[in-house]
Amino acid sequence: MLLTMNEEKHIILVNFDFPPNEGIGGRRWAKFARYLADQGVKVHVIKAKELPNRPPSVWSKDVKHENIAITSLSRPLPQYFTHPGKNIWDKIRFHLYKRTLRKRSLGTIYDQAIDWEAPLHSALEKLVKTHPVSTIIASGAPFNLLYYTANFVASHPKIQFIADYRDPWISARNYGMPELNDAQLAHEIDKQNRVLELADIVTSPYEKLSLRIKEEGKRKSAKPQFVELGHCFDQEQLPPLTNTHEDKTFTLVYGGALYQGIETYFDQLSELLDALKEDDSRMYEQVHFKIYSSDFERFLGRYPKHAQLEFLAPIGSQLFTEIDRSSAAIIALSEHNKDFKTTKFYEFLSRKKPIFYLGPQGEVAQFLEQNNLGAHSQTVSEFKAFIQRDTWGEMDLSEHELHHRGANLLSYLR
């Protein structure tokens, strides 16, 4: 239900790479922000400035709305450290800055929001003084955003604070967390405890992640309500379903980030293709994997034996047309997110294609197989069975659509 003028609600969203910044860090909140804006909520976004010479987010159009106002703050760390180049001078500058940052940073040095507290607090203070802000939502990673926001709301107790976790913090396999010594890890734990002490609500996309955060919070008393706010897809923003697949080839399509550690599973896929070529050369020639990702350069030339395994630049919303033309979509995950249904999971399912799962065994692989939505094919016989199978199950995705998830979020706002 739309808010009336008398019910006008103002919230602040702190999201480091909110669109038009590129990357998946703003995808979740681009959708939710637009839903709230459509319901009459005034959404004031604080984000980092875009990186120069980078393509804009494919979700930029989603956040162009009269009820969404965006404030961009300068990035606190130099680009040559957060997004290092490949030449020798870039590498030298990276390591010199890394050494300097390590000396003065108590926790992980791979959090892009380090040193952002003062400008963030200044921007927050300006907004709460000029608008009747009832809620501040901070989304991490980077997780310092949650910590800095917690410090701000400590002196503004009437404002509701929602801490949104898109990923694990303390138990993360990335962000430099596994390399921390005991003292550095203790500092990160203290920061998370501060967030859990001051947050009214902690949201995450997955029940398992919420349980993990809650368990970590037992190291110090934590007060918040833990809420699962799952990822969603917006059917209205997706192109109409088409099916122009030709049976001459069996094409499998992936689009999105290639997560840290995914190399292991593409290596296994290459070995599977080796075995398929030896077992059934005709079927081998008909298979074609098309991987669209901003990380594609990392894989160029890695598998020269297989022209069928192709890594390509991202193609935006055209990806869904490619999936519609394909024989199957691919979900590719790493060890750290094998149990998480990522933002693309339900979008891909909505195209009504079988899912080829690439990654370690976990809850996602189990879910796909139990619901007859896809398969985790690790042997030639399993892969051939996947290709030759004609019928797959379907899933009611209504509870994963934006209008349902967004309504849940709106109900939590003070």
# chains A, B, ... in the order shown; residues from 1 in each chain; ligands from 1
>>> closest_atom_pairs(of="segment 177-269 of chain A", to="segment 149-160 of chain A", cutoff="12 Å", atoms="only C-alpha atoms", output="tab-separated table")
residue	atom	partner	partner_atom	distance
A:Lys191	CA	A:Ala150	CA	9.3
A:Gln192	CA	A:Ala150	CA	9.6
A:Asn193	CA	A:Ala150	CA	10.1
A:Arg194	CA	A:Ala150	CA	6.9
A:Val195	CA	A:Ala150	CA	5.4
A:Leu196	CA	A:Ala150	CA	8.6
A:Glu197	CA	A:Ala150	CA	8.6
A:Leu198	CA	A:Ala150	CA	6.0
A:Ala199	CA	A:Ala150	CA	7.0
A:Asp200	CA	A:Gln160	CA	6.3
A:Ile201	CA	A:Gln160	CA	8.3
A:Val202	CA	A:Gln160	CA	11.3
A:Pro224	CA	A:Gln160	CA	11.0
A:Gln225	CA	A:Gln160	CA	12.0
>>> select_by_dssp(residues="segment 191-286 of chain A", states="strand (DSSP E or B)", output="VMD selection string")
chain A and resid 201 to 204 225 to 228 233 250 to 255
>>> closest_residue(among="A:Ala118, A:Leu229, A:Ala69, A:Leu273", to="Gly406 of chain A", atoms="only C-alpha atoms")
A:Leu229
>>> closest_residue(among="A:Tyr357, A:Leu36, A:Val364, A:Ile136", to="Tyr206 of chain A", atoms="only C-alpha atoms")
A:Val364
>>> residues_around(residues="segment 168-178 of chain A", least_positions_apart="5", cutoff="8 Å", atoms="only C-alpha atoms", output="list in words")
Thr108, Ile109, Tyr110, Asp111, Ala141, Phe143, Leu185, Glu188, Ile189, Gln192, Leu209, Arg212, Ile213, Glu216, Gln260 and His336 of chain A
>>> residues_around(residues="Tyr148 of chain A", least_positions_apart="5", cutoff="8 Å", atoms="only C-alpha atoms", output="PDB file with N, CA, C and O atoms, in the first residue's frame")
ATOM      1  N   GLU A 117      34.910   6.366   8.101  1.00  0.00           N
ATOM      2  CA  GLU A 117      33.991   6.670   9.194  1.00  0.00           C
ATOM      3  C   GLU A 117      33.656   8.157   9.276  1.00  0.00           C
ATOM      4  O   GLU A 117      32.481   8.531   9.391  1.00  0.00           O
ATOM      5  N   LEU A 120      31.505   9.365   6.315  1.00  0.00           N
ATOM      6  CA  LEU A 120      30.201   8.711   6.405  1.00  0.00           C
ATOM      7  C   LEU A 120      29.358   9.351   7.500  1.00  0.00           C
ATOM      8  O   LEU A 120      28.179   9.662   7.290  1.00  0.00           O
ATOM      9  N   HIS A 121      29.946   9.575   8.660  1.00  0.00           N
ATOM     10  CA  HIS A 121      29.206  10.197   9.759  1.00  0.00           C
ATOM     11  C   HIS A 121      28.750  11.607   9.393  1.00  0.00           C
ATOM     12  O   HIS A 121      27.639  12.018   9.749  1.00  0.00           O
TER      13      HIS A 121
END
>>> closest_residue(among="A:Val253, A:Val41, A:Ile11, A:Met283", to="Ile355 of chain A", atoms="only C-alpha atoms")
A:Val253
>>> residues_around(residues="segment 323-330 of chain A", least_positions_apart="2", cutoff="6 Å", atoms="only C-alpha atoms", output="PyMOL selection string")
chain A and resi 242-245+250-254+320-321+353-357
>>> write_last_selection(atoms="all heavy atoms", output="compact mmCIF listing (two decimals), in the first residue's frame")
# COMPACT_ATOMS: atom_id res chain seq x y z
N THR A 242 11.44 -16.52 -24.12
CA THR A 242 11.43 -17.00 -25.50
C THR A 242 12.11 -18.36 -25.52
O THR A 242 12.88 -18.70 -24.62
CB THR A 242 12.18 -16.04 -26.44
OG1 THR A 242 13.55 -15.91 -25.99
CG2 THR A 242 11.52 -14.67 -26.46
N ASN A 243 11.87 -19.13 -26.54
CA ASN A 243 12.51 -20.43 -26.64
C ASN A 243 12.84 -20.69 -28.10
O ASN A 243 12.02 -21.21 -28.85
CB ASN A 243 11.61 -21.54 -26.08
CG ASN A 243 12.37 -22.85 -25.92
OD1 ASN A 243 13.51 -22.97 -26.36
ND2 ASN A 243 11.74 -23.81 -25.28
N THR A 244 14.05 -20.30 -28.48
CA THR A 244 14.47 -20.44 -29.87
C THR A 244 15.62 -21.44 -30.00
O THR A 244 16.39 -21.39 -30.93
CB THR A 244 14.91 -19.08 -30.43
OG1 THR A 244 15.96 -18.53 -29.60
CG2 THR A 244 13.75 -18.10 -30.46
N HIS A 245 15.74 -22.32 -29.01
CA HIS A 245 16.85 -23.26 -29.00
C HIS A 245 16.80 -24.21 -30.20
O HIS A 245 15.75 -24.71 -30.57
CB HIS A 245 16.84 -24.08 -27.71
CG HIS A 245 17.84 -25.19 -27.69
ND1 HIS A 245 19.20 -24.96 -27.75
CD2 HIS A 245 17.68 -26.54 -27.64
CE1 HIS A 245 19.83 -26.11 -27.73
NE2 HIS A 245 18.94 -27.08 -27.66
N PHE A 250 24.22 -28.62 -27.65
CA PHE A 250 23.74 -28.55 -26.27
C PHE A 250 24.53 -27.44 -25.60
O PHE A 250 25.69 -27.62 -25.22
CB PHE A 250 23.93 -29.89 -25.54
CG PHE A 250 23.19 -29.95 -24.23
CD1 PHE A 250 21.90 -30.45 -24.17
CD2 PHE A 250 23.77 -29.48 -23.06
CE1 PHE A 250 21.21 -30.51 -22.96
CE2 PHE A 250 23.09 -29.53 -21.86
CZ PHE A 250 21.80 -30.05 -21.81
N THR A 251 23.90 -26.26 -25.51
CA THR A 251 24.58 -25.07 -25.01
C THR A 251 24.20 -24.82 -23.55
O THR A 251 23.02 -24.85 -23.19
CB THR A 251 24.20 -23.85 -25.85
OG1 THR A 251 24.49 -24.11 -27.23
CG2 THR A 251 24.99 -22.62 -25.41
N LEU A 252 25.21 -24.54 -22.73
CA LEU A 252 25.01 -24.24 -21.31
C LEU A 252 25.55 -22.84 -21.05
O LEU A 252 26.68 -22.52 -21.46
CB LEU A 252 25.71 -25.25 -20.42
CG LEU A 252 25.35 -26.73 -20.64
CD1 LEU A 252 26.33 -27.39 -21.62
CD2 LEU A 252 25.35 -27.50 -19.33
N VAL A 253 24.76 -21.99 -20.40
CA VAL A 253 25.10 -20.57 -20.26
C VAL A 253 25.19 -20.17 -18.80
O VAL A 253 24.32 -20.51 -17.98
CB VAL A 253 24.04 -19.70 -20.98
CG1 VAL A 253 24.29 -18.22 -20.72
CG2 VAL A 253 24.05 -19.98 -22.48
N TYR A 254 26.24 -19.41 -18.50
CA TYR A 254 26.41 -18.80 -17.17
C TYR A 254 26.64 -17.31 -17.34
O TYR A 254 27.29 -16.87 -18.28
CB TYR A 254 27.60 -19.42 -16.43
CG TYR A 254 27.87 -18.76 -15.08
CD1 TYR A 254 27.08 -19.08 -13.97
CD2 TYR A 254 28.88 -17.81 -14.93
CE1 TYR A 254 27.29 -18.48 -12.74
CE2 TYR A 254 29.10 -17.22 -13.70
CZ TYR A 254 28.31 -17.54 -12.61
OH TYR A 254 28.52 -16.93 -11.39
N PHE A 320 19.72 -13.06 -20.52
CA PHE A 320 18.51 -13.86 -20.38
C PHE A 320 18.04 -14.39 -21.74
O PHE A 320 17.49 -15.48 -21.82
CB PHE A 320 17.43 -13.04 -19.68
CG PHE A 320 17.84 -12.64 -18.29
CD1 PHE A 320 18.24 -11.34 -18.02
CD2 PHE A 320 17.87 -13.57 -17.28
CE1 PHE A 320 18.65 -10.97 -16.75
CE2 PHE A 320 18.27 -13.21 -16.00
CZ PHE A 320 18.67 -11.92 -15.73
N THR A 321 18.28 -13.62 -22.79
CA THR A 321 17.98 -14.12 -24.13
C THR A 321 18.88 -15.30 -24.46
O THR A 321 18.44 -16.29 -25.05
CB THR A 321 18.17 -13.00 -25.17
OG1 THR A 321 17.33 -11.89 -24.83
CG2 THR A 321 17.82 -13.48 -26.56
N LYS A 353 14.73 -23.29 -17.41
CA LYS A 353 15.73 -24.17 -18.00
C LYS A 353 16.30 -25.07 -16.91
O LYS A 353 16.39 -24.68 -15.74
CB LYS A 353 16.88 -23.34 -18.60
CG LYS A 353 16.48 -22.49 -19.78
CD LYS A 353 16.21 -23.33 -21.02
CE LYS A 353 15.86 -22.45 -22.21
NZ LYS A 353 15.72 -23.23 -23.45
N PRO A 354 16.72 -26.29 -17.26
CA PRO A 354 17.42 -27.11 -16.26
C PRO A 354 18.71 -26.42 -15.85
O PRO A 354 19.33 -25.69 -16.63
CB PRO A 354 17.69 -28.42 -17.00
CG PRO A 354 17.62 -28.07 -18.45
CD PRO A 354 16.63 -26.96 -18.57
N ILE A 355 19.13 -26.66 -14.61
CA ILE A 355 20.33 -26.03 -14.07
C ILE A 355 21.46 -27.05 -14.00
O ILE A 355 21.32 -28.12 -13.39
CB ILE A 355 20.07 -25.46 -12.66
CG1 ILE A 355 18.93 -24.43 -12.68
CG2 ILE A 355 21.35 -24.84 -12.11
CD1 ILE A 355 19.21 -23.18 -13.48
N PHE A 356 22.57 -26.73 -14.64
CA PHE A 356 23.80 -27.50 -14.49
C PHE A 356 24.58 -26.85 -13.35
O PHE A 356 24.99 -25.69 -13.45
CB PHE A 356 24.61 -27.49 -15.79
CG PHE A 356 25.92 -28.22 -15.69
CD1 PHE A 356 25.96 -29.61 -15.76
CD2 PHE A 356 27.10 -27.53 -15.51
CE1 PHE A 356 27.16 -30.29 -15.67
CE2 PHE A 356 28.31 -28.20 -15.42
CZ PHE A 356 28.34 -29.58 -15.49
N TYR A 357 24.77 -27.59 -12.27
CA TYR A 357 25.46 -27.03 -11.11
C TYR A 357 26.95 -27.32 -11.20
O TYR A 357 27.38 -28.47 -11.40
CB TYR A 357 24.90 -27.62 -9.81
CG TYR A 357 25.66 -27.16 -8.59
CD1 TYR A 357 25.48 -25.87 -8.08
CD2 TYR A 357 26.59 -27.98 -7.97
CE1 TYR A 357 26.19 -25.42 -6.98
CE2 TYR A 357 27.31 -27.55 -6.87
CZ TYR A 357 27.11 -26.27 -6.38
OH TYR A 357 27.83 -25.82 -5.29
>>> closest_residue(among="A:Asp62, A:His83, A:Gly256, A:His10", to="Thr135 of chain A", atoms="only C-alpha atoms")
A:His10
>>> residues_around(residues="Val45 of chain A", least_positions_apart="2", cutoff="12 Å", atoms="only C-alpha atoms", output="PyMOL selection string")
chain A and resi 10-20+26+29-30+32-34+37+42-43+47-49+63-65+67-73+120+123-124+127+136-139
>>> closest_residue(among="A:Ile114, A:Ile24, A:Ile92, A:Val58", to="Ile315 of chain A", atoms="only C-alpha atoms")
A:Val58
>>> closest_residue(among="A:Arg75, A:His231, A:His95, A:His404", to="Arg166 of chain A", atoms="only C-alpha atoms")
A:His231
>>> atom_distance(atom1="atom CA of Arg104 of chain A", atom2="atom CA of Gln184 of chain A")
11.5 Å
